[in-house]
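Trainee: This is data-v1.txt (compact mmCIF, C-alpha atoms and all ligand atoms).
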```txt
# COMPACT_ATOMS: atom_id res chain seq x y z
CA MET A 1 5.26 18.79 63.57
CA ALA A 2 6.71 15.29 63.83
CA LEU A 3 10.06 14.85 65.51
CA GLU A 4 12.57 13.18 63.18
CA LEU A 5 14.93 10.79 64.95
CA THR A 6 17.82 8.86 63.43
CA ILE A 7 19.15 5.91 65.44
CA LEU A 8 22.75 5.06 64.52
CA VAL A 9 23.74 1.51 65.42
CA GLY A 10 27.24 0.33 66.31
CA THR A 11 27.26 -3.40 66.91
CA MET A 12 29.33 -6.54 66.63
CA THR A 13 26.88 -9.32 67.50
CA GLY A 14 23.54 -7.60 66.96
CA THR A 15 22.44 -6.63 70.49
CA ALA A 16 22.53 -2.90 69.75
CA GLN A 17 20.56 -3.56 66.56
CA LEU A 18 17.90 -5.37 68.59
CA VAL A 19 17.69 -2.42 70.98
CA ALA A 20 17.31 -0.01 68.05
CA GLN A 21 14.58 -2.14 66.45
CA GLU A 22 12.61 -2.25 69.68
CA LEU A 23 12.93 1.52 70.06
CA GLU A 24 11.84 2.10 66.48
CA LEU A 25 8.78 -0.08 67.09
CA THR A 26 7.77 1.78 70.25
CA LEU A 27 8.80 5.36 69.42
CA ASP A 28 7.68 5.62 65.80
CA ASP A 29 4.12 6.78 66.38
CA GLY A 30 3.33 9.60 63.98
CA GLU A 31 4.47 12.22 66.48
CA THR A 32 7.98 10.86 66.15
CA ARG A 33 9.40 9.47 62.93
CA VAL A 34 12.26 7.05 63.47
CA LYS A 35 14.88 5.88 61.01
CA THR A 36 17.40 3.24 62.08
CA GLN A 37 20.74 3.09 60.32
CA PRO A 38 23.67 0.75 60.94
CA MET A 39 26.92 2.73 61.19
CA ASP A 40 28.55 0.63 58.46
CA GLY A 41 30.10 2.84 55.82
CA LEU A 42 29.00 6.10 57.46
CA ASP A 43 31.21 9.12 58.05
CA ALA A 44 30.79 12.49 59.74
CA GLY A 45 28.61 13.60 56.81
CA VAL A 46 25.66 11.76 58.37
CA PHE A 47 25.36 14.70 60.80
CA ALA A 48 25.65 17.35 58.06
CA GLY A 49 22.02 18.49 58.12
CA GLY A 50 21.86 18.58 61.93
CA GLY A 51 18.87 17.15 63.79
CA LEU A 52 18.17 14.57 66.47
CA PHE A 53 20.23 11.39 66.75
CA LEU A 54 20.38 8.44 69.10
CA ILE A 55 23.72 6.64 69.24
CA CYS A 56 23.25 3.01 70.15
CA SER A 57 26.67 1.38 70.46
CA SER A 58 28.36 -1.54 72.14
CA THR A 59 32.02 -1.72 73.25
CA TYR A 60 34.86 -3.99 72.12
CA GLY A 61 38.62 -4.46 72.31
CA GLN A 62 40.18 -2.14 74.88
CA GLY A 63 37.07 -0.04 75.30
CA ASP A 64 36.78 0.69 71.60
CA VAL A 65 33.77 1.30 69.40
CA PRO A 66 32.69 -1.81 67.44
CA ASP A 67 34.21 -2.44 64.00
CA ASN A 68 31.22 -1.13 62.05
CA ALA A 69 31.43 2.17 63.99
CA LYS A 70 35.15 2.81 63.51
CA ASN A 71 34.88 4.69 60.23
CA LEU A 72 32.28 7.10 61.61
CA TYR A 73 34.17 7.63 64.87
CA GLU A 74 37.51 8.24 63.16
CA SER A 75 35.91 10.51 60.58
CA LEU A 76 34.52 12.71 63.38
CA GLN A 77 38.00 12.90 64.90
CA THR A 78 39.69 13.92 61.66
CA ALA A 79 37.02 16.04 59.90
CA ARG A 80 35.97 17.79 63.15
CA PRO A 81 32.75 19.32 61.73
CA ASP A 82 30.79 21.93 63.68
CA LEU A 83 27.87 19.95 65.14
CA SER A 84 26.15 22.77 67.01
CA ASN A 85 22.91 21.96 65.14
CA VAL A 86 22.93 18.35 66.41
CA GLN A 87 21.14 17.03 69.50
CA TYR A 88 21.74 13.48 70.58
CA GLY A 89 21.23 10.74 73.13
CA VAL A 90 23.38 7.70 73.87
CA ILE A 91 22.63 4.08 74.65
CA ALA A 92 25.93 2.46 75.57
CA LEU A 93 26.13 -1.32 75.78
CA GLY A 94 28.91 -2.93 77.77
CA ASP A 95 29.83 -5.38 80.46
CA ARG A 96 31.05 -4.52 83.97
CA THR A 97 33.46 -7.46 83.79
CA TYR A 98 35.51 -4.96 81.78
CA ALA A 99 35.64 -2.60 84.75
CA GLU A 100 38.16 -0.15 83.29
CA THR A 101 36.42 0.28 79.98
CA PHE A 102 32.77 -0.18 80.92
CA CYS A 103 30.54 1.13 78.11
CA ASN A 104 33.42 3.10 76.59
CA GLY A 105 32.14 2.68 73.02
CA GLY A 106 29.07 4.84 73.73
CA LYS A 107 31.06 7.10 76.06
CA ARG A 108 33.59 7.76 73.28
CA PHE A 109 30.80 8.88 70.96
CA ASP A 110 29.42 11.12 73.70
CA ALA A 111 32.84 12.73 74.20
CA ILE A 112 33.55 13.43 70.53
CA LEU A 113 30.03 14.68 69.75
CA SER A 114 30.02 17.13 72.65
CA GLU A 115 33.57 18.23 71.78
CA LEU A 116 32.28 19.12 68.31
CA GLY A 117 29.47 21.25 69.73
CA ALA A 118 26.55 18.78 69.66
CA ARG A 119 24.24 18.86 72.67
CA ARG A 120 23.28 15.72 74.57
CA ILE A 121 19.72 15.49 75.78
CA GLY A 122 19.23 13.52 79.01
CA ASP A 123 21.54 11.02 80.68
CA MET A 124 23.14 8.16 78.81
CA MET A 125 21.62 4.73 79.23
CA LEU A 126 24.40 2.33 80.27
CA HIS A 127 23.71 -1.39 80.00
CA ASP A 128 25.70 -4.08 81.80
CA ALA A 129 25.53 -7.41 79.97
CA SER A 130 26.70 -9.23 83.14
CA ALA A 131 23.63 -8.04 85.07
CA GLY A 132 21.31 -10.52 83.38
CA THR A 133 18.87 -7.85 82.19
CA MET A 134 17.74 -7.44 78.59
CA PRO A 135 18.85 -4.12 77.10
CA GLU A 136 16.01 -4.12 74.55
CA GLU A 137 13.52 -4.26 77.45
CA LEU A 138 15.20 -1.57 79.55
CA ALA A 139 15.53 0.66 76.50
CA VAL A 140 11.76 0.98 76.05
CA PRO A 141 10.98 3.00 79.24
CA TRP A 142 14.33 4.83 78.93
CA GLY A 143 13.47 5.75 75.32
CA ALA A 144 9.97 6.97 76.24
CA ASP A 145 11.40 9.25 78.89
CA TRP A 146 14.22 10.43 76.60
CA ILE A 147 11.90 11.27 73.72
CA SER A 148 9.64 13.28 76.01
CA GLN A 149 12.69 15.30 77.11
CA CYS A 150 13.53 15.83 73.41
CA ARG A 151 9.99 17.03 72.74
CA LYS A 152 10.13 19.43 75.64
CA GLU A 153 13.40 20.88 74.32
CA ALA A 154 11.98 21.11 70.79
CA ARG A 155 8.98 23.05 72.13
CA LEU A 156 11.25 25.43 74.04
CA ALA A 157 13.34 26.01 70.92
CA ALA A 158 10.28 26.67 68.72
C1 LIG B 1 35.66 -9.55 72.87
C2 LIG B 1 34.74 -8.64 73.65
C3 LIG B 1 35.26 -7.46 74.17
C4 LIG B 1 34.44 -6.59 74.93
N1 LIG B 1 34.98 -5.46 75.48
C5 LIG B 1 34.20 -4.67 76.28
C6 LIG B 1 34.76 -3.53 76.94
O1 LIG B 1 35.94 -3.21 76.82
N2 LIG B 1 33.95 -2.79 77.75
C7 LIG B 1 32.63 -3.09 77.94
O2 LIG B 1 31.94 -2.39 78.68
N3 LIG B 1 32.07 -4.17 77.31
C8 LIG B 1 32.82 -4.97 76.50
N4 LIG B 1 32.25 -6.06 75.87
C9 LIG B 1 30.81 -6.35 76.08
C10 LIG B 1 29.90 -5.95 74.90
O3 LIG B 1 30.01 -4.58 74.58
C11 LIG B 1 28.44 -6.28 75.30
O4 LIG B 1 28.32 -7.66 75.44
C12 LIG B 1 27.40 -5.77 74.31
O5 LIG B 1 26.10 -5.99 74.84
C13 LIG B 1 27.49 -6.43 72.95
O6 LIG B 1 26.63 -5.75 72.06
P1 LIG B 1 26.55 -6.06 70.48
O7 LIG B 1 25.98 -7.43 70.32
O8 LIG B 1 25.64 -5.01 69.94
O9 LIG B 1 27.92 -5.93 69.89
C14 LIG B 1 33.07 -6.93 75.12
C15 LIG B 1 32.56 -8.11 74.56
C16 LIG B 1 33.37 -8.96 73.85
C17 LIG B 1 32.78 -10.24 73.30
```
How does this structure look as structure tokens?
Mentor:
Amino acid sequence: MALELTILVGTMTGTAQLVAQELELTLDDGETRVKTQPMDGLDAGVFAGGGLFLICSSTYGQGDVPDNAKNLYESLQTARPDLSNVQYGVIALGDRTYAETFCNGGKRFDAILSELGARRIGDMMLHDASAGTMPEELAVPWGADWISQCRKEARLAA
């Protein structure tokens, strides 16, 4: 059975969207079906049916989630749904110049999702914009490894 993956994108200037597009191109192969959705206008209801999600979010302000992710993040904090039927991964985009708040946007999502009972698969991918590497390139091997961990878990759960 195909694995259904929803990538939720939190972005200000489009980098996270680029990463998500690249992942959709490489991961959507028949064995995995990928849907990419910007976080704009979403709330906690997006997780209602459970399933597999990849949070792809940058960081702004004082280590905040980007503007288009605020509604979703705040809705999780106030509605506090039981997410024990959700599995997720995180790609957090940031910049080490902001040492105190490096990649906090993605880390905030990780914290709230696990608090609500969702289970993270694998380690987060953290990207440092000051390193001169392209996150959409690094995300491809990270994503291939992550999806194989997801498949392994899905087989164990079957
Ligand atoms: C005004 C501003 C504030 C930022 N604040 C942070 C921050 O607090 N922590 C961090 O790790 N990165 C911070 N960043 C870096 C961005 O998260 C990073 O450049 C990211 O790749 C942008 O992705 P996007 O184009 O998807 O929004 C900031 C960038 C800008 C322009």
Trainee: Restricting the calculation to only C-alpha atoms, which member of A:Gly122, A:Pro141, A:Gly63, A:Pro81 is positioned closest to Asn104 of chain A?
Mentor: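 Among the listed residues, the smallest separation from Asn104 of chain A belongs to A:Gly63.
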Trainee: Report, in Å to a single decimal, how far apart atom CA of Gly143 of chain A and atom CA of Gly94 of chain A are.
Mentor: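 Between these atoms lies a distance of 17.9 Å.
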Trainee: Go through A:Ala48, A:Ala131, A:Ala118, A:Ala2 one by one, measure the shortest atom-to-atom distance of each to ligand LIG 1 (chain B) using all atoms listed in the file, and give the residue with the smallest value.
Mentor: A:Ala131
Trainee: Please check which protein, DNA or RNA residues sit within 10 Å of ligand LIG 1 (chain B), counting all atoms listed in the file, and write them as a count of residues only.
Mentor: 48
Trainee: To one decimal in Å, tell me the separation between atom CA of Leu52 of chain A and atom CA of Leu76 of chain A.
Mentor: 16.7 Å
Trainee: From the options A:Ala79, A:Cys150, A:Leu156, A:Ala69, which residue's atoms come nearest to Arg120 of chain A, counting only C-alpha atoms?
Mentor: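 Closest candidate: A:Cys150.
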